Amino acid sequence: MEAFPIVDMKKLNDEDRAAAMDMIRDACENWGFFEVMNHGISHDLMDKVEKLTKEHYSKCMEKRFKEMVARNSLDSVQSEVKDLDWESTFFLRHLPDSNMSELPDLGEDYREAMTEFAAEIEKLAEHLLDLFCENLGLEKGYLKKAFYGSRGPTFGTKVSNYPPCPQPELIKGLRAHTDAGGIILLFQDDKVGGLQLLKDGKWIDVPPMCHSIVINLGDQLEVITNGKYKSVEHRVNVQTVGTRMSIASFYNPGSNALIYPAPELVEKMKEENAPIQYPRFVFEDYMKLYPELKFVAKEPRFEAMKAMEPHFQSQLLDFERELRIKSTISK
């Protein structure tokens with residue numbers, strides 16, 4: 001079996017750069033996932049965020065989770081649960097507007113640590129997008145620009161804990177799905193595993209590693225690359241022992257960003273007789289559709305957007321014209 005791709009980002013700065021870039025390319029094309037080490041985020045900061053996240057769960061979230069389990073009788077189910085997940089979560093928004101100050105049970109030290117961590121993750125996301133551009137033969141900054149819309153990208157963090165489960169064979173920590181957005185950067189527990197991705201019809205463990213960041217690609221990168229890069233189905237299995245921490249940051253297009261296959265890639269694929277597979281749409285419209293279809297295959301979502309495309313053609317053209325004007329003014 002192929003080894004899960006783990007990229008040492010230090011190698012991007014030495015004679016091994018070509019091999020590291022090739023590993024990233026292969027991971028994006030064939031896995032939809034990879035793990036990065038030596039990514040530039042301070043280990044001390046990561047340790048602090050992990051410690052404060054686990055303390056916050058114990059103080060503020062664990063009781064609520066147990067109440068949810070009791071309310072839904074999840075600890076005594078007799079058959080597979082298909083409409084709920086065994087997870088405790090809360091969400092932080094960073095861009096375009098932060099909600100950090102609005103969450104009353106976050107301590108000041110936790111708030112500060114998460115703000116610093118989010119800034120580092122944002123930098124890493126944008127660096128990785130530029131590496132993707134280099135591998136794809138797109139100009140530097142193309143993907144960031146494609147995500148921009150009129151107010152910049154949307155960026156937020158889902159903080160999750162997956163407590164021990166008495167019947168892990170009957171309920172998932174998180175059911176199988178692909179992510180709707182752009183690029184996802186995950187800081188996961190290095191002791192308690194559970195994340196798996198689907199490759200070639202088999203579920204493969206994403207290895208928990210100390211101070212690593214797991215990268216996975218969302219549906220929007222699949223669209224923009226016209227299918228050259230893939231979003232991949234993944235899930236979380238829960239364990240009978242140990243609580244798994246997951247801090248997943250989503251660097252997504254702006255709500256009114258116009259998403260479509262990159263023309264330069266479409267031209268290259270035409271030369272290879274590969275068709276244009278994906279529609280043009282506004283990211284916000286995709287997100288309106290996503291919650292209802294999250295836990296099914298991604299193809300019906302793409303087909304639904306394709307069916308809507310003719311109805312929005314004039315709106316898309318007007319919006320594209322408006323973005324061009326704003327871009328010209330900002331220059």
# chains A, B, ... in the order shown; residues from 1 in each chain; ligands from 1

$ select_by_dssp --residues "region 86-311 of chain A" --states "helix (DSSP H, G or I)" --output "VMD selection string"
chain A and resid 100 to 102 108 to 136 142 to 146 219 to 224 263 to 271 283 to 293 299 to 311

$ residues_around --residues "Ala248 (chain A)" --least-positions-apart "4" --cutoff "8 Å" --atoms "only C-alpha atoms" --output "list in words"
Thr157, Lys158, Val159, Ile184, Leu185, Leu186, Phe187 and Gln188 of chain A

$ write_last_selection --atoms "all heavy atoms" --output "PDB file, in the first residue's frame"
ATOM      1  N   THR A 157     -12.634  28.659  11.728  1.00  0.00           N
ATOM      2  CA  THR A 157     -12.107  27.451  12.363  1.00  0.00           C
ATOM      3  C   THR A 157     -13.219  26.700  13.080  1.00  0.00           C
ATOM      4  O   THR A 157     -14.005  27.297  13.818  1.00  0.00           O
ATOM      5  CB  THR A 157     -10.998  27.820  13.369  1.00  0.00           C
ATOM      6  OG1 THR A 157      -9.926  28.452  12.677  1.00  0.00           O
ATOM      7  CG2 THR A 157     -10.469  26.590  14.088  1.00  0.00           C
ATOM      8  N   LYS A 158     -13.267  25.408  12.838  1.00  0.00           N
ATOM      9  CA  LYS A 158     -14.175  24.521  13.562  1.00  0.00           C
ATOM     10  C   LYS A 158     -13.342  23.782  14.612  1.00  0.00           C
ATOM     11  O   LYS A 158     -12.422  23.032  14.273  1.00  0.00           O
ATOM     12  CB  LYS A 158     -14.821  23.517  12.606  1.00  0.00           C
ATOM     13  CG  LYS A 158     -15.734  22.498  13.294  1.00  0.00           C
ATOM     14  CD  LYS A 158     -16.200  21.452  12.297  1.00  0.00           C
ATOM     15  CE  LYS A 158     -17.037  20.371  12.973  1.00  0.00           C
ATOM     16  NZ  LYS A 158     -17.352  19.254  12.055  1.00  0.00           N
ATOM     17  N   VAL A 159     -13.650  24.017  15.875  1.00  0.00           N
ATOM     18  CA  VAL A 159     -12.951  23.358  16.978  1.00  0.00           C
ATOM     19  C   VAL A 159     -13.817  22.188  17.445  1.00  0.00           C
ATOM     20  O   VAL A 159     -14.965  22.389  17.860  1.00  0.00           O
ATOM     21  CB  VAL A 159     -12.691  24.335  18.140  1.00  0.00           C
ATOM     22  CG1 VAL A 159     -11.937  23.630  19.264  1.00  0.00           C
ATOM     23  CG2 VAL A 159     -11.906  25.555  17.656  1.00  0.00           C
ATOM     24  N   ILE A 184      -8.301  23.274   3.462  1.00  0.00           N
ATOM     25  CA  ILE A 184      -8.566  23.030   4.886  1.00  0.00           C
ATOM     26  C   ILE A 184      -7.245  22.637   5.543  1.00  0.00           C
ATOM     27  O   ILE A 184      -6.498  21.793   5.018  1.00  0.00           O
ATOM     28  CB  ILE A 184      -9.630  21.921   5.066  1.00  0.00           C
ATOM     29  CG1 ILE A 184     -10.951  22.330   4.422  1.00  0.00           C
ATOM     30  CG2 ILE A 184      -9.858  21.645   6.565  1.00  0.00           C
ATOM     31  CD1 ILE A 184     -11.082  22.025   2.957  1.00  0.00           C
ATOM     32  N   LEU A 185      -6.963  23.274   6.681  1.00  0.00           N
ATOM     33  CA  LEU A 185      -5.716  23.025   7.409  1.00  0.00           C
ATOM     34  C   LEU A 185      -6.084  22.542   8.811  1.00  0.00           C
ATOM     35  O   LEU A 185      -6.743  23.264   9.571  1.00  0.00           O
ATOM     36  CB  LEU A 185      -4.874  24.303   7.478  1.00  0.00           C
ATOM     37  CG  LEU A 185      -4.492  24.886   6.109  1.00  0.00           C
ATOM     38  CD1 LEU A 185      -5.494  25.952   5.684  1.00  0.00           C
ATOM     39  CD2 LEU A 185      -3.096  25.489   6.139  1.00  0.00           C
ATOM     40  N   LEU A 186      -5.702  21.322   9.129  1.00  0.00           N
ATOM     41  CA  LEU A 186      -6.141  20.662  10.351  1.00  0.00           C
ATOM     42  C   LEU A 186      -4.983  20.441  11.315  1.00  0.00           C
ATOM     43  O   LEU A 186      -3.975  19.819  10.971  1.00  0.00           O
ATOM     44  CB  LEU A 186      -6.772  19.311   9.996  1.00  0.00           C
ATOM     45  CG  LEU A 186      -7.043  18.351  11.163  1.00  0.00           C
ATOM     46  CD1 LEU A 186      -8.141  18.893  12.076  1.00  0.00           C
ATOM     47  CD2 LEU A 186      -7.405  16.965  10.643  1.00  0.00           C
ATOM     48  N   PHE A 187      -5.166  20.936  12.529  1.00  0.00           N
ATOM     49  CA  PHE A 187      -4.271  20.612  13.649  1.00  0.00           C
ATOM     50  C   PHE A 187      -5.007  19.564  14.468  1.00  0.00           C
ATOM     51  O   PHE A 187      -6.017  19.868  15.107  1.00  0.00           O
ATOM     52  CB  PHE A 187      -3.987  21.890  14.444  1.00  0.00           C
ATOM     53  CG  PHE A 187      -3.203  21.692  15.718  1.00  0.00           C
ATOM     54  CD1 PHE A 187      -2.346  20.610  15.895  1.00  0.00           C
ATOM     55  CD2 PHE A 187      -3.314  22.610  16.755  1.00  0.00           C
ATOM     56  CE1 PHE A 187      -1.618  20.443  17.069  1.00  0.00           C
ATOM     57  CE2 PHE A 187      -2.588  22.470  17.936  1.00  0.00           C
ATOM     58  CZ  PHE A 187      -1.743  21.377  18.087  1.00  0.00           C
ATOM     59  N   GLN A 188      -4.535  18.321  14.418  1.00  0.00           N
ATOM     60  CA  GLN A 188      -5.263  17.239  15.069  1.00  0.00           C
ATOM     61  C   GLN A 188      -4.474  16.652  16.223  1.00  0.00           C
ATOM     62  O   GLN A 188      -3.256  16.810  16.328  1.00  0.00           O
ATOM     63  CB  GLN A 188      -5.620  16.143  14.066  1.00  0.00           C
ATOM     64  CG  GLN A 188      -4.438  15.386  13.504  1.00  0.00           C
ATOM     65  CD  GLN A 188      -4.848  14.130  12.742  1.00  0.00           C
ATOM     66  OE1 GLN A 188      -5.979  13.660  12.808  1.00  0.00           O
ATOM     67  NE2 GLN A 188      -3.908  13.553  12.005  1.00  0.00           N
TER      68      GLN A 188
END

$ atom_distance --atom1 "CA of Asp83 (chain A)" --atom2 "CA of Phe295 (chain A)"
9.4 Å

$ closest_atom_pairs --of "region 200-279 of chain A" --to "region 33-51 of chain A" --cutoff "12 Å" --atoms "only C-alpha atoms" --output "CSV"
residue,atom,partner,partner_atom,distance
A:Ile204,CA,A:Phe33,CA,10.9
A:Asp205,CA,A:Phe33,CA,11.1
A:Val206,CA,A:Glu35,CA,8.4
A:Pro207,CA,A:Glu35,CA,8.6
A:Pro208,CA,A:Glu35,CA,9.5
A:Met209,CA,A:Glu35,CA,8.9
A:Cys210,CA,A:Met37,CA,9.0
A:His211,CA,A:His43,CA,6.3
A:Ser212,CA,A:Met37,CA,5.1
A:Ile213,CA,A:Val36,CA,5.4
A:Val214,CA,A:Glu35,CA,4.3
A:Ile215,CA,A:Phe34,CA,5.3
A:Asn216,CA,A:Phe33,CA,4.3
A:Leu217,CA,A:Phe33,CA,6.7
A:Gly218,CA,A:Phe33,CA,10.0
A:Tyr229,CA,A:Phe33,CA,10.3
A:Lys230,CA,A:Phe33,CA,9.1
A:Ser231,CA,A:Phe33,CA,8.4
A:Val232,CA,A:Phe33,CA,7.7
A:Glu233,CA,A:Phe33,CA,10.1
A:His234,CA,A:Phe33,CA,9.7
A:Arg244,CA,A:Glu50,CA,10.9
A:Met245,CA,A:Glu50,CA,7.9
A:Ser246,CA,A:Glu50,CA,9.3
A:Ile247,CA,A:Glu50,CA,8.9

$ closest_residue --among "A:Leu143, A:Ile6, A:Val236, A:Leu106" --to "Ile183 (chain A)" --atoms "only C-alpha atoms"
A:Leu143

$ closest_residue --among "A:Leu221, A:Ile171, A:Ala3, A:Leu195" --to "Ser79 (chain A)" --atoms "only C-alpha atoms"
A:Ile171

$ residues_around --residues "region 303-306 of chain A" --least-positions-apart "2" --cutoff "8 Å" --atoms "only C-alpha atoms" --output "PyMOL selection string"
chain A and resi 278-281+286+299-301+308-310

$ write_last_selection --atoms "C-alpha atoms" --output "tab-separated table (two decimals), in the first residue's frame"
chain	number	residue	atom	x	y	z
A	278	TYR	CA	-17.57	22.05	-13.98
A	279	PRO	CA	-20.04	24.97	-13.95
A	280	ARG	CA	-19.63	28.65	-13.08
A	281	PHE	CA	-21.37	29.78	-9.91
A	286	TYR	CA	-23.06	26.56	-3.53
A	299	GLU	CA	-21.39	15.06	-7.93
A	300	PRO	CA	-25.10	15.89	-7.34
A	301	ARG	CA	-23.98	19.27	-5.94
A	308	MET	CA	-28.82	26.51	-12.27
A	309	GLU	CA	-26.12	28.11	-14.44
A	310	PRO	CA	-28.33	29.19	-17.39

$ select_by_dssp --residues "region 74-109 of chain A" --states "strand (DSSP E)" --output "list in words"
Ser88, Thr89, Phe90, Phe91, Leu92, Arg93, His94 and Leu95 of chain A
